[in-house]
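J.: Shown below is the structure under consideration.
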Amino acid sequence: MAPKKDDENKSSPDTWFNPYSDLAAADSSGSVRRFLKDYRTPISSGTASVISTFVAFPLDFAKSRMQSYETRFIPTITDAYRAEGIRTFWRGVLPPLISVTAVRTASFSIYQRAKYMYAGYFERITGESPLSIANADHRYPNMSTVTCFGLAGATAGSIVTVLACPFELTKLRAQLAGKMAREQGKSKKEFRTDAWGTARQLIKDRGIAGLYCGYRLHLVRDTIGTSIYFMTYESAKQILGNARGASPTSPLAVMVGGGLCGIVSWACTYPVDVAKTVYQKALLATPTGKVEMPDIAFFSRGSYRGLGVSVARSCLINMIFFSMFEVIKKQINEI
């Protein structure tokens, strides 16, 4: 039995306005239509990533400061606003807009390929594809579907870390720059925060390896976190969609699945993220010296500093992201 294709290839009864239809209709050769359909996953994920990242970026700013300086949410926000102004909440937003778009596009593309690859292995072993189970009406997640989605997510997360680490490091530098400048008695102008300037300084101080400060912690976080992320999203979408006889891309299934995958993945990997942030901050503050890598302390109170903000941010981002992702993909499919 061949793996059943995802709902993205099914036609939809929706008749609301499709902004891509006029573009496709104007293209007599059909090349635009073919391009949109062939690249619907990167187009949808890229557009949704830009919007969701920009909207929720102030919460990411607060999370980084809270992890680094052991402060609470309200004091963190008020201190930053009074000393650095409203624009500081979006300082460093450009690298994430670029990196998140690139990383999510790559991640979703790798995930899709890995998902079908692992599904083929499971089908040869068990005689039934996990994707057929996930797309069948009134079927619930089981060990094969959860394992297939988890392995595909781990594969995607581990690969895209190579692309994501330098961008996330420059973003962290920009988010902490104002506070670090005040600690060192410098002005904001003396403390460079642009991505290119930060990257050049890191290379100057530590060589190319400077762009990958904290990479091992980043790899652990993203491999585990992305596995849990896709496993939770696909399973929640299946339970609220196909298992109930509804569409797997129904607004309820997509929004709840998106919110849950952000909450669960962050809750499980947050101590790793805290250790990564603390370690990278120490490396940024000590350009040429060695810094001892902190322990990952699960169930320690200090390792969950800023968790509430991170969970709220991740829930918001992923609800927006997956809702827009499915809507854009569905509109492209209707061309």
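Identifiers for the structure tokens are assigned positionally: chains receive A, B, ... in sequence, residues are indexed from 1 per chain, and ligands are indexed from 1 in the order shown.
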With DSSP run on the backbone, what are the alpha helix (DSSP H) residues within stretch 76-185 of chain A? I'd like them as number ranges by chain.
T.: A: 76-84, 94-126, 130-135, 143-183
J.: Near A:Ala134, within 10 Å and counting only C-alpha atoms, which residues show up once chain neighbours fewer than 6 positions away are dropped, as a compact mmCIF listing (two decimals) with N, CA and C atoms, in the first residue's frame?
T.:
```
# COMPACT_ATOMS: atom_id res chain seq x y z
N LYS A 4 -0.56 7.34 1.62
CA LYS A 4 -1.61 8.24 1.16
C LYS A 4 -1.14 9.67 1.25
N ASP A 6 -0.91 13.65 1.74
CA ASP A 6 -1.52 14.55 2.70
C ASP A 6 -2.66 15.31 2.08
N TYR A 140 -6.89 6.87 15.16
CA TYR A 140 -6.16 7.69 16.12
C TYR A 140 -4.66 7.43 16.02
N PRO A 141 -3.85 8.35 16.54
CA PRO A 141 -2.39 8.13 16.52
C PRO A 141 -2.02 6.84 17.23
N ASN A 142 -1.02 6.14 16.70
CA ASN A 142 -0.50 4.95 17.35
C ASN A 142 1.02 5.01 17.36
N SER A 144 3.30 3.67 15.52
CA SER A 144 3.97 3.85 14.24
C SER A 144 3.86 5.28 13.73
N THR A 145 2.69 5.93 13.89
CA THR A 145 2.55 7.31 13.43
C THR A 145 3.39 8.26 14.26
N VAL A 146 3.34 8.09 15.59
CA VAL A 146 4.10 8.97 16.48
C VAL A 146 5.60 8.82 16.24
N GLU A 234 1.26 16.89 14.39
CA GLU A 234 0.59 15.90 13.54
C GLU A 234 -0.42 15.07 14.33
N SER A 235 -0.05 14.68 15.55
CA SER A 235 -0.95 13.85 16.36
C SER A 235 -2.18 14.64 16.80
N LYS A 237 -3.45 17.26 15.31
CA LYS A 237 -4.25 17.53 14.12
C LYS A 237 -5.05 16.29 13.72
N GLN A 238 -4.44 15.12 13.87
CA GLN A 238 -5.15 13.88 13.55
C GLN A 238 -6.32 13.64 14.50
N ILE A 239 -6.08 13.84 15.80
CA ILE A 239 -7.13 13.61 16.79
C ILE A 239 -8.30 14.57 16.58
N GLY A 241 -8.97 16.25 13.81
CA GLY A 241 -9.43 16.27 12.42
C GLY A 241 -9.96 14.93 11.97
N ASN A 242 -9.12 14.10 11.38
CA ASN A 242 -9.55 12.84 10.79
C ASN A 242 -10.24 11.91 11.78
N ALA A 243 -9.70 11.83 12.99
CA ALA A 243 -10.27 10.90 13.98
C ALA A 243 -11.71 11.26 14.32
N PRO A 248 -8.52 17.40 8.23
CA PRO A 248 -7.30 17.57 9.03
C PRO A 248 -6.78 19.00 9.02
```
J.: Need to verify the contact set: A:Ser129, 7 Å, only C-alpha atoms, exclusion of same-chain residues closer than 6 positions in sequence. Can you return it as a ChimeraX atom specification?
T.: /A:3,119-120,122-123
J.: In Å, rounded to a single decimal, give me how far atom CA of A:Gly302 is from atom CA of A:Thr170.
T.: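 Here the two named atoms are 24.3 Å from each other.
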J.: Just the number, please: distance in Å from atom CA of A:Lys63 to atom CA of A:Val278, one decimal.
T.: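 Separation between atom CA of A:Lys63 and atom CA of A:Val278: 12.0 Å.
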J.: Do a neighbour search on A:Gly258 at 12 Å with only C-alpha atoms, toss out local chain neighbours closer than 5 positions, and write the hits as a CSV table (one decimal) with N, CA and C atoms, in the first residue's frame.
T.:
```csv
chain,number,residue,atom,x,y,z
A,52,SER,N,4.5,35.7,11.5
A,52,SER,CA,4.4,35.2,12.9
A,52,SER,C,5.6,35.6,13.7
A,229,TYR,N,8.0,18.7,18.4
A,229,TYR,CA,7.2,19.7,17.7
A,229,TYR,C,6.3,19.1,16.6
A,230,PHE,N,6.9,18.3,15.7
A,230,PHE,CA,6.1,17.7,14.6
A,230,PHE,C,5.3,16.6,15.1
A,231,MET,N,5.8,15.8,16.1
A,231,MET,CA,5.0,14.7,16.6
A,231,MET,C,3.7,15.2,17.3
A,232,THR,N,3.9,16.3,18.1
A,232,THR,CA,2.7,16.9,18.7
A,232,THR,C,1.7,17.5,17.7
A,233,TYR,N,2.2,18.2,16.8
A,233,TYR,CA,1.3,18.9,15.8
A,233,TYR,C,0.6,17.9,14.9
A,234,GLU,N,1.3,16.9,14.4
A,234,GLU,CA,0.6,15.9,13.5
A,234,GLU,C,-0.4,15.1,14.3
A,235,SER,N,-0.1,14.7,15.5
A,235,SER,CA,-1.0,13.9,16.4
A,235,SER,C,-2.2,14.6,16.8
A,236,ALA,N,-2.0,15.9,17.2
A,236,ALA,CA,-3.1,16.7,17.6
A,236,ALA,C,-4.0,17.0,16.5
A,237,LYS,N,-3.5,17.3,15.3
A,237,LYS,CA,-4.2,17.5,14.1
A,237,LYS,C,-5.1,16.3,13.7
A,240,LEU,N,-8.0,15.9,16.3
A,240,LEU,CA,-9.1,16.9,16.2
A,240,LEU,C,-9.6,16.9,14.8
A,249,THR,N,-7.3,19.8,8.1
A,249,THR,CA,-6.9,21.2,8.0
A,249,THR,C,-8.0,22.1,8.5
A,251,PRO,N,-9.9,24.7,10.9
A,251,PRO,CA,-9.3,25.8,11.7
A,251,PRO,C,-9.0,25.3,13.1
A,252,LEU,N,-9.9,24.6,13.7
A,252,LEU,CA,-9.7,24.1,15.1
A,252,LEU,C,-8.5,23.2,15.2
A,253,ALA,N,-8.4,22.2,14.3
A,253,ALA,CA,-7.3,21.2,14.4
A,253,ALA,C,-6.0,21.9,14.2
A,263,ILE,N,4.0,24.7,22.7
A,263,ILE,CA,4.0,24.6,24.2
A,263,ILE,C,4.8,23.4,24.6
A,264,VAL,N,4.5,22.3,24.1
A,264,VAL,CA,5.1,21.0,24.5
A,264,VAL,C,6.5,20.9,24.2
A,265,SER,N,6.9,21.4,23.0
A,265,SER,CA,8.3,21.3,22.6
A,265,SER,C,9.2,22.2,23.4
A,313,ARG,N,4.8,33.0,23.8
A,313,ARG,CA,5.4,33.3,22.5
A,313,ARG,C,5.3,32.2,21.5
A,314,SER,N,5.7,31.0,21.9
A,314,SER,CA,5.7,29.9,21.0
A,314,SER,C,4.3,29.5,20.6
A,315,CYS,N,3.4,29.5,21.5
A,315,CYS,CA,2.0,29.2,21.2
A,315,CYS,C,1.4,30.2,20.2
A,316,LEU,N,1.7,31.5,20.5
A,316,LEU,CA,1.2,32.5,19.5
A,316,LEU,C,1.8,32.4,18.2
A,317,ILE,N,3.1,32.2,18.1
A,317,ILE,CA,3.8,32.1,16.8
A,317,ILE,C,3.2,30.9,16.0
A,318,ASN,N,3.1,29.8,16.7
A,318,ASN,CA,2.7,28.6,15.9
A,318,ASN,C,1.2,28.5,15.6
A,319,MET,N,0.4,29.1,16.4
A,319,MET,CA,-1.0,29.3,16.0
A,319,MET,C,-1.1,30.1,14.7
A,320,ILE,N,-0.4,31.3,14.7
A,320,ILE,CA,-0.4,32.1,13.5
A,320,ILE,C,0.2,31.4,12.4
A,321,PHE,N,1.4,30.8,12.6
A,321,PHE,CA,2.2,30.2,11.5
A,321,PHE,C,1.4,29.1,10.9
A,322,PHE,N,0.9,28.1,11.6
A,322,PHE,CA,0.2,27.0,11.0
A,322,PHE,C,-1.1,27.4,10.4
A,323,SER,N,-1.8,28.3,11.0
A,323,SER,CA,-3.1,28.8,10.4
A,323,SER,C,-2.8,29.4,9.0
A,324,MET,N,-1.8,30.3,8.9
A,324,MET,CA,-1.5,30.9,7.7
A,324,MET,C,-0.9,29.9,6.7
A,325,PHE,N,0.0,29.0,7.2
A,325,PHE,CA,0.6,28.0,6.3
A,325,PHE,C,-0.5,27.2,5.6
A,326,GLU,N,-1.5,26.7,6.4
A,326,GLU,CA,-2.5,25.8,5.8
A,326,GLU,C,-3.4,26.6,4.8
```
J.: Which one of A:Ala62, A:Ala154, A:Val327, A:Leu283 sits closest to A:Lys115 if you count only C-alpha atoms?
T.: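 Ranking A:Ala62, A:Ala154, A:Val327, A:Leu283 by distance to A:Lys115, first place goes to A:Ala154.
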J.: Considering only C-alpha atoms, state which residue in the set A:Asn135, A:Ser68, A:Thr78, A:Thr53 is at the smallest distance from A:Ser303.
T.: A:Ser68
J.: Counting only C-alpha atoms, which of A:Leu163, A:Leu284, A:Ala136, A:Val254 gets nearest to A:Ile203?
T.: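 Of the candidates, the smallest distance to A:Ile203 is held by A:Leu284.
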J.: I'd like the neighbourhood of A:Leu219 as a PyMOL selection string, where a residue qualifies if any of its atoms comes within 7 Å (using only C-alpha atoms), though same-chain residues fewer than 4 positions away should be ignored.
T.: chain A and resi 158+161+215+223
J.: Residues within 10 Å of A:Cys268, please, as a ChimeraX atom specification. Count only C-alpha atoms; anything in the same chain fewer than 4 positions from it doesn't count.
T.: /A:221,224-225,228,263-264,272,298
J.: Could the residues in this selection be saved with C-alpha atoms as a CSV table (one decimal), in the first residue's frame?
T.:
```csv
chain,number,residue,atom,x,y,z
A,221,ARG,CA,17.7,21.5,21.7
A,224,ILE,CA,14.8,16.9,20.5
A,225,GLY,CA,12.5,19.9,20.2
A,228,ILE,CA,8.5,16.7,19.7
A,263,ILE,CA,4.0,24.6,24.2
A,264,VAL,CA,5.1,21.0,24.5
A,272,VAL,CA,18.7,23.2,27.3
A,298,PHE,CA,16.3,19.8,34.6
```
J.: Identify which of the residues A:Leu217, A:Met66, A:Leu59, A:Val103 lies closest to A:Arg305, counting only C-alpha atoms when measuring atom-to-atom distances.
T.: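 Selected residue with least distance to A:Arg305: A:Met66.
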